[in-house]
Amino acid sequence: NAGVMQNPRHLVRRRGQEARLRCSPMKGHSHVYWYRQLPEEGLKFMVYLQKENIIDESGMPKERFSAEFPKEGPSILRIQQVVRGDSAAYFCASSRGQGNNEQFFGPGTRLTVL
Amino acid sequence: DAKTTQPNSMESNEEEPVHLPCNHSTISGTDYIHWYRQLPSQGPEYVIHGLTSNVNNRMASLAIAEDRKSSTLILHRATLRDAAVYYCIHLTTSGTYKYIFGTGTRLKVLA
């Protein structure tokens with residue numbers, strides 16, 4: 001059973017470009033979470049999605065960031081007009097359901113903005 | 001947001017037990033305590049979780065204080081592969097079940 005998959009593992013963008021990060025949850029998991037980790041810091045929650053629905057986006061910046069989890073295909077975290085401060089590791093996690101369910105994390109995408 | 005406090009770093013000798021403490025003084029009766037660890041350049045990995053009773057699994061044990069305001073993760077015999085940042089997460093059952101990570105404890109294991 002494959003774990004959570006994220007791609008690309010490393011992404012380099014110039015200021016003003018768009019970044020698209022993909023996350024495929026574990027088989028049978030319909031809940032996806034995105035977290036951001038700045039260097040030497042803990043993970044910060046960004047958004048929680050179920051298929052075709054955003055459940056909690058309280059950690060998402062108000063501008064330039066969006067997320068989706070379509071009926072078919074991976075979850076996408078999209079960052080428009082990237083700035084240097086967006087450079088971070090972005091982790092996706094999935095779970096079977098809500099509540100006290102263990103979240104399984106992917107290996108992360110390391111975004112570098114030049 | 002639910003908050004936990006942990007020491008920034010700890011050291012242990014290889015093959016010895018390690019006790020990693022965590023304070024979660026704002027915890028309510030139905031909130032769970034989850035522990036994850038993050039090895040360098042990897043995503044967090046689940047270690048253990050509990051509610052009231054002490055818990056054991058193949059990776060570790062979790063001792064929860066009677067008042068539930070603190071807990072201790074116990075690694076029975078530390079190995080070099082256990083060197084990681086350990087996060088204690090207070091999973092609140094109000095609202096959505098998102099993890100609120102603190103800064104964690106960086107465990108260094110000495111050979």
# chains A, B, ... in the order shown; residues from 1 in each chain; ligands from 1
>>> residues_around(residues="A:Phe105", least_positions_apart="6", cutoff="7 Å", atoms="only C-alpha atoms", output="PyMOL selection string")
(chain A and resi 4+91-94) or (chain B and resi 43-45)
>>> write_last_selection(atoms="N, CA, C and O atoms", output="short mmCIF file (atom, residue, chain, number, x, y, z; two decimals), in the first residue's frame")
data_model
loop_
_atom_site.label_atom_id
_atom_site.label_comp_id
_atom_site.auth_asym_id
_atom_site.auth_seq_id
_atom_site.Cartn_x
_atom_site.Cartn_y
_atom_site.Cartn_z
N VAL A 4 1.54 8.33 1.22
CA VAL A 4 1.17 9.61 0.62
C VAL A 4 2.28 10.03 -0.34
O VAL A 4 3.45 9.99 0.02
N PHE A 91 4.11 20.14 3.29
CA PHE A 91 3.77 18.74 3.53
C PHE A 91 2.28 18.53 3.39
O PHE A 91 1.46 19.35 3.82
N CYS A 92 1.96 17.41 2.82
CA CYS A 92 0.58 16.97 2.71
C CYS A 92 0.41 15.75 3.60
O CYS A 92 1.34 14.94 3.76
N ALA A 93 -0.76 15.63 4.21
CA ALA A 93 -1.08 14.45 5.01
C ALA A 93 -2.47 13.98 4.63
O ALA A 93 -3.29 14.77 4.15
N SER A 94 -2.73 12.70 4.82
CA SER A 94 -4.08 12.20 4.56
C SER A 94 -4.53 11.33 5.73
O SER A 94 -3.70 10.79 6.48
N GLY B 43 8.97 13.81 6.10
CA GLY B 43 7.72 14.24 6.68
C GLY B 43 7.55 13.63 8.06
O GLY B 43 8.20 12.65 8.41
N PRO B 44 6.68 14.21 8.89
CA PRO B 44 6.45 13.65 10.23
C PRO B 44 5.92 12.23 10.15
O PRO B 44 5.22 11.85 9.22
N GLU B 45 6.27 11.46 11.16
CA GLU B 45 5.90 10.05 11.25
C GLU B 45 5.15 9.84 12.56
O GLU B 45 5.60 10.27 13.62
#
>>> interface_residues(of="chain B", to="chain A", cutoff="8 Å", atoms="only C-alpha atoms", output="PDB file with all heavy atoms, in the first residue's frame")
ATOM      1  N   TYR B  32      -7.356  14.402  22.546  1.00  0.00           N
ATOM      2  CA  TYR B  32      -6.314  13.389  22.492  1.00  0.00           C
ATOM      3  C   TYR B  32      -4.919  14.007  22.474  1.00  0.00           C
ATOM      4  O   TYR B  32      -4.746  15.166  22.104  1.00  0.00           O
ATOM      5  CB  TYR B  32      -6.482  12.525  21.238  1.00  0.00           C
ATOM      6  CG  TYR B  32      -7.572  11.490  21.356  1.00  0.00           C
ATOM      7  CD1 TYR B  32      -8.907  11.829  21.180  1.00  0.00           C
ATOM      8  CD2 TYR B  32      -7.265  10.167  21.657  1.00  0.00           C
ATOM      9  CE1 TYR B  32      -9.909  10.878  21.298  1.00  0.00           C
ATOM     10  CE2 TYR B  32      -8.258   9.207  21.771  1.00  0.00           C
ATOM     11  CZ  TYR B  32      -9.571   9.572  21.596  1.00  0.00           C
ATOM     12  OH  TYR B  32     -10.553   8.632  21.715  1.00  0.00           O
ATOM     13  N   SER B  41      14.882  15.965   6.817  1.00  0.00           N
ATOM     14  CA  SER B  41      14.445  15.985   5.413  1.00  0.00           C
ATOM     15  C   SER B  41      13.309  15.008   5.118  1.00  0.00           C
ATOM     16  O   SER B  41      13.160  14.550   3.977  1.00  0.00           O
ATOM     17  CB  SER B  41      15.632  15.684   4.480  1.00  0.00           C
ATOM     18  OG  SER B  41      16.642  16.638   4.661  1.00  0.00           O
ATOM     19  N   GLN B  42      12.520  14.669   6.119  1.00  0.00           N
ATOM     20  CA  GLN B  42      11.378  13.782   5.899  1.00  0.00           C
ATOM     21  C   GLN B  42      10.109  14.404   6.472  1.00  0.00           C
ATOM     22  O   GLN B  42      10.158  15.368   7.239  1.00  0.00           O
ATOM     23  CB  GLN B  42      11.622  12.423   6.563  1.00  0.00           C
ATOM     24  CG  GLN B  42      12.759  11.633   5.938  1.00  0.00           C
ATOM     25  CD  GLN B  42      12.842  10.229   6.490  1.00  0.00           C
ATOM     26  OE1 GLN B  42      11.836   9.660   6.921  1.00  0.00           O
ATOM     27  NE2 GLN B  42      14.022   9.658   6.470  1.00  0.00           N
ATOM     28  N   GLY B  43       8.974  13.814   6.101  1.00  0.00           N
ATOM     29  CA  GLY B  43       7.717  14.235   6.682  1.00  0.00           C
ATOM     30  C   GLY B  43       7.553  13.629   8.064  1.00  0.00           C
ATOM     31  O   GLY B  43       8.198  12.648   8.410  1.00  0.00           O
ATOM     32  N   PRO B  44       6.681  14.212   8.892  1.00  0.00           N
ATOM     33  CA  PRO B  44       6.448  13.651  10.227  1.00  0.00           C
ATOM     34  C   PRO B  44       5.924  12.227  10.154  1.00  0.00           C
ATOM     35  O   PRO B  44       5.216  11.852   9.218  1.00  0.00           O
ATOM     36  CB  PRO B  44       5.398  14.599  10.816  1.00  0.00           C
ATOM     37  CG  PRO B  44       5.573  15.874  10.085  1.00  0.00           C
ATOM     38  CD  PRO B  44       5.957  15.463   8.697  1.00  0.00           C
ATOM     39  N   GLU B  45       6.270  11.459  11.162  1.00  0.00           N
ATOM     40  CA  GLU B  45       5.895  10.046  11.251  1.00  0.00           C
ATOM     41  C   GLU B  45       5.151   9.839  12.564  1.00  0.00           C
ATOM     42  O   GLU B  45       5.605  10.272  13.622  1.00  0.00           O
ATOM     43  CB  GLU B  45       7.172   9.203  11.201  1.00  0.00           C
ATOM     44  CG  GLU B  45       6.982   7.730  11.463  1.00  0.00           C
ATOM     45  CD  GLU B  45       8.310   7.004  11.623  1.00  0.00           C
ATOM     46  OE1 GLU B  45       9.277   7.618  12.125  1.00  0.00           O
ATOM     47  OE2 GLU B  45       8.370   5.817  11.269  1.00  0.00           O
ATOM     48  N   TYR B  46       4.028   9.171  12.495  1.00  0.00           N
ATOM     49  CA  TYR B  46       3.236   8.889  13.691  1.00  0.00           C
ATOM     50  C   TYR B  46       4.016   8.012  14.661  1.00  0.00           C
ATOM     51  O   TYR B  46       4.671   7.056  14.259  1.00  0.00           O
ATOM     52  CB  TYR B  46       1.943   8.183  13.283  1.00  0.00           C
ATOM     53  CG  TYR B  46       1.134   7.610  14.415  1.00  0.00           C
ATOM     54  CD1 TYR B  46       0.287   8.422  15.167  1.00  0.00           C
ATOM     55  CD2 TYR B  46       1.212   6.258  14.734  1.00  0.00           C
ATOM     56  CE1 TYR B  46      -0.471   7.882  16.202  1.00  0.00           C
ATOM     57  CE2 TYR B  46       0.455   5.729  15.764  1.00  0.00           C
ATOM     58  CZ  TYR B  46      -0.376   6.541  16.491  1.00  0.00           C
ATOM     59  OH  TYR B  46      -1.116   6.016  17.515  1.00  0.00           O
ATOM     60  N   LEU B  91      -4.668  17.287  20.307  1.00  0.00           N
ATOM     61  CA  LEU B  91      -5.682  17.248  19.258  1.00  0.00           C
ATOM     62  C   LEU B  91      -7.033  17.601  19.861  1.00  0.00           C
ATOM     63  O   LEU B  91      -7.672  16.768  20.501  1.00  0.00           O
ATOM     64  CB  LEU B  91      -5.718  15.876  18.602  1.00  0.00           C
ATOM     65  CG  LEU B  91      -6.680  15.738  17.424  1.00  0.00           C
ATOM     66  CD1 LEU B  91      -6.282  16.658  16.296  1.00  0.00           C
ATOM     67  CD2 LEU B  91      -6.742  14.301  16.946  1.00  0.00           C
ATOM     68  N   THR B  93     -10.934  18.284  20.105  1.00  0.00           N
ATOM     69  CA  THR B  93     -12.099  17.674  19.464  1.00  0.00           C
ATOM     70  C   THR B  93     -13.182  18.699  19.164  1.00  0.00           C
ATOM     71  O   THR B  93     -14.267  18.353  18.717  1.00  0.00           O
ATOM     72  CB  THR B  93     -12.690  16.576  20.355  1.00  0.00           C
ATOM     73  OG1 THR B  93     -12.901  17.111  21.665  1.00  0.00           O
ATOM     74  CG2 THR B  93     -11.765  15.379  20.439  1.00  0.00           C
ATOM     75  N   THR B  96     -12.560  21.503  13.678  1.00  0.00           N
ATOM     76  CA  THR B  96     -11.966  20.497  12.799  1.00  0.00           C
ATOM     77  C   THR B  96     -10.690  19.937  13.421  1.00  0.00           C
ATOM     78  O   THR B  96     -10.037  20.571  14.228  1.00  0.00           O
ATOM     79  CB  THR B  96     -11.642  21.094  11.424  1.00  0.00           C
ATOM     80  OG1 THR B  96     -10.778  22.219  11.596  1.00  0.00           O
ATOM     81  CG2 THR B  96     -12.900  21.523  10.710  1.00  0.00           C
ATOM     82  N   TYR B  97     -10.359  18.733  13.023  1.00  0.00           N
ATOM     83  CA  TYR B  97      -9.287  17.994  13.692  1.00  0.00           C
ATOM     84  C   TYR B  97      -7.948  18.242  13.039  1.00  0.00           C
ATOM     85  O   TYR B  97      -7.303  17.331  12.551  1.00  0.00           O
ATOM     86  CB  TYR B  97      -9.630  16.501  13.667  1.00  0.00           C
ATOM     87  CG  TYR B  97     -10.842  16.184  14.497  1.00  0.00           C
ATOM     88  CD1 TYR B  97     -12.127  16.339  13.990  1.00  0.00           C
ATOM     89  CD2 TYR B  97     -10.703  15.728  15.795  1.00  0.00           C
ATOM     90  CE1 TYR B  97     -13.236  16.062  14.765  1.00  0.00           C
ATOM     91  CE2 TYR B  97     -11.808  15.431  16.568  1.00  0.00           C
ATOM     92  CZ  TYR B  97     -13.076  15.598  16.039  1.00  0.00           C
ATOM     93  OH  TYR B  97     -14.167  15.311  16.793  1.00  0.00           O
ATOM     94  N   LYS B  98      -7.514  19.481  13.039  1.00  0.00           N
ATOM     95  CA  LYS B  98      -6.215  19.773  12.467  1.00  0.00           C
ATOM     96  C   LYS B  98      -5.150  19.702  13.562  1.00  0.00           C
ATOM     97  O   LYS B  98      -5.411  19.973  14.723  1.00  0.00           O
ATOM     98  CB  LYS B  98      -6.199  21.165  11.845  1.00  0.00           C
ATOM     99  CG  LYS B  98      -6.616  22.295  12.786  1.00  0.00           C
ATOM    100  CD  LYS B  98      -6.640  23.597  12.040  1.00  0.00           C
ATOM    101  CE  LYS B  98      -7.046  24.750  12.941  1.00  0.00           C
ATOM    102  NZ  LYS B  98      -8.494  24.838  13.075  1.00  0.00           N
ATOM    103  N   TYR B  99      -3.955  19.312  13.155  1.00  0.00           N
ATOM    104  CA  TYR B  99      -2.851  19.255  14.100  1.00  0.00           C
ATOM    105  C   TYR B  99      -2.247  20.643  14.268  1.00  0.00           C
ATOM    106  O   TYR B  99      -1.971  21.323  13.293  1.00  0.00           O
ATOM    107  CB  TYR B  99      -1.764  18.309  13.596  1.00  0.00           C
ATOM    108  CG  TYR B  99      -2.076  16.842  13.746  1.00  0.00           C
ATOM    109  CD1 TYR B  99      -1.450  15.912  12.918  1.00  0.00           C
ATOM    110  CD2 TYR B  99      -2.956  16.361  14.699  1.00  0.00           C
ATOM    111  CE1 TYR B  99      -1.700  14.562  13.038  1.00  0.00           C
ATOM    112  CE2 TYR B  99      -3.217  15.013  14.824  1.00  0.00           C
ATOM    113  CZ  TYR B  99      -2.581  14.114  13.987  1.00  0.00           C
ATOM    114  OH  TYR B  99      -2.840  12.782  14.114  1.00  0.00           O
ATOM    115  N   ILE B 100      -2.034  21.044  15.519  1.00  0.00           N
ATOM    116  CA  ILE B 100      -1.315  22.275  15.815  1.00  0.00           C
ATOM    117  C   ILE B 100       0.054  21.867  16.359  1.00  0.00           C
ATOM    118  O   ILE B 100       0.171  21.390  17.494  1.00  0.00           O
ATOM    119  CB  ILE B 100      -2.058  23.143  16.854  1.00  0.00           C
ATOM    120  CG1 ILE B 100      -3.494  23.394  16.417  1.00  0.00           C
ATOM    121  CG2 ILE B 100      -1.308  24.457  17.086  1.00  0.00           C
ATOM    122  CD1 ILE B 100      -3.639  24.155  15.134  1.00  0.00           C
ATOM    123  N   PHE B 101       1.065  22.004  15.540  1.00  0.00           N
ATOM    124  CA  PHE B 101       2.414  21.607  15.938  1.00  0.00           C
ATOM    125  C   PHE B 101       3.076  22.713  16.741  1.00  0.00           C
ATOM    126  O   PHE B 101       2.963  23.890  16.413  1.00  0.00           O
ATOM    127  CB  PHE B 101       3.281  21.337  14.699  1.00  0.00           C
ATOM    128  CG  PHE B 101       2.999  20.039  14.005  1.00  0.00           C
ATOM    129  CD1 PHE B 101       1.926  19.907  13.135  1.00  0.00           C
ATOM    130  CD2 PHE B 101       3.825  18.943  14.210  1.00  0.00           C
ATOM    131  CE1 PHE B 101       1.682  18.709  12.485  1.00  0.00           C
ATOM    132  CE2 PHE B 101       3.585  17.738  13.559  1.00  0.00           C
ATOM    133  CZ  PHE B 101       2.504  17.630  12.702  1.00  0.00           C
ATOM    134  N   GLY B 102       3.805  22.328  17.789  1.00  0.00           N
ATOM    135  CA  GLY B 102       4.686  23.257  18.481  1.00  0.00           C
ATOM    136  C   GLY B 102       6.056  23.198  17.836  1.00  0.00           C
ATOM    137  O   GLY B 102       6.205  22.741  16.696  1.00  0.00           O
ATOM    138  N   THR B 103       7.057  23.630  18.565  1.00  0.00           N
ATOM    139  CA  THR B 103       8.418  23.620  18.026  1.00  0.00           C
ATOM    140  C   THR B 103       9.112  22.286  18.260  1.00  0.00           C
ATOM    141  O   THR B 103      10.138  22.006  17.661  1.00  0.00           O
ATOM    142  CB  THR B 103       9.266  24.740  18.636  1.00  0.00           C
ATOM    143  OG1 THR B 103       9.160  24.672  20.060  1.00  0.00           O
ATOM    144  CG2 THR B 103       8.771  26.100  18.158  1.00  0.00           C
ATOM    145  N   GLY B 104       8.545  21.435  19.122  1.00  0.00           N
ATOM    146  CA  GLY B 104       9.090  20.101  19.289  1.00  0.00           C
ATOM    147  C   GLY B 104      10.369  20.042  20.097  1.00  0.00           C
ATOM    148  O   GLY B 104      10.957  21.059  20.474  1.00  0.00           O
TER     149      GLY B 104
END
>>> select_by_dssp(residues="chain A", states="strand (DSSP E or B)", output="NGL selection string")
:A and (5-7 or 10-13 or 19-24 or 31-37 or 43-50 or 53-56 or 65-68 or 75-79 or 88-95 or 104-105 or 109-113)
>>> residues_around(residues="A:Ser66", least_positions_apart="6", cutoff="8 Å", atoms="only C-alpha atoms", output="PyMOL selection string")
chain A and resi 60+77-79
>>> residues_around(residues="A:Thr112", least_positions_apart="2", cutoff="9 Å", atoms="only C-alpha atoms", output="list of chain:residue names")
A:His10, A:Leu11, A:Val12, A:Arg13, A:Arg14, A:Arg84, A:Asp86, A:Ser87, A:Ala88, A:Ala89, A:Arg110, A:Leu114
>>> residues_around(residues="B:Gln6", least_positions_apart="5", cutoff="10 Å", atoms="only C-alpha atoms", output="list in words")
Leu20, Pro21, Cys22, Asn23, His24, Tyr86, Tyr87, Cys88, Gly102, Thr103, Gly104, Thr105 and Arg106 of chain B
>>> closest_residue(among="B:Ser25, B:Ser61, B:Asn54, B:Thr72", to="B:Pro7", atoms="only C-alpha atoms")
B:Thr72
>>> closest_residue(among="B:Val109, B:Ile27, B:Leu73, B:Leu62", to="B:His90", atoms="only C-alpha atoms")
B:Ile27
>>> residues_around(residues="A:Glu72", least_positions_apart="4", cutoff="12 Å", atoms="only C-alpha atoms", output="MDAnalysis selection string")
chainID A and resid 24:25 30 50:52 68 76
>>> atom_distance(atom1="atom CA of B:Gln38", atom2="atom CA of B:Val85")
5.2 Å
>>> closest_residue(among="B:His19, B:Ala83, B:Leu110, B:Val47", to="B:Ala63", atoms="only C-alpha atoms")
B:His19
>>> atom_distance(atom1="atom CA of B:Ala65", atom2="atom CA of B:Gly29")
12.8 Å
>>> residues_around(residues="A:Val82", least_positions_apart="2", cutoff="6 Å", atoms="only C-alpha atoms", output="number ranges by chain")
A: 15-17, 80
>>> write_last_selection(atoms="N, CA and C atoms", output="PDB file, in the first residue's frame")
ATOM      1  N   ARG A  15      10.545  34.785  -8.573  1.00  0.00           N
ATOM      2  CA  ARG A  15       9.509  35.659  -8.034  1.00  0.00           C
ATOM      3  C   ARG A  15       8.488  35.999  -9.119  1.00  0.00           C
ATOM      4  N   GLY A  16       7.214  35.925  -8.776  1.00  0.00           N
ATOM      5  CA  GLY A  16       6.153  36.249  -9.714  1.00  0.00           C
ATOM      6  C   GLY A  16       5.588  35.058 -10.464  1.00  0.00           C
ATOM      7  N   GLN A  17       6.289  33.925 -10.440  1.00  0.00           N
ATOM      8  CA  GLN A  17       5.777  32.733 -11.123  1.00  0.00           C
ATOM      9  C   GLN A  17       4.755  32.017 -10.246  1.00  0.00           C
ATOM     10  N   GLN A  80       0.166  31.517  -6.326  1.00  0.00           N
ATOM     11  CA  GLN A  80       0.345  32.441  -7.449  1.00  0.00           C
ATOM     12  C   GLN A  80       1.331  33.542  -7.075  1.00  0.00           C
TER      13      GLN A  80
END
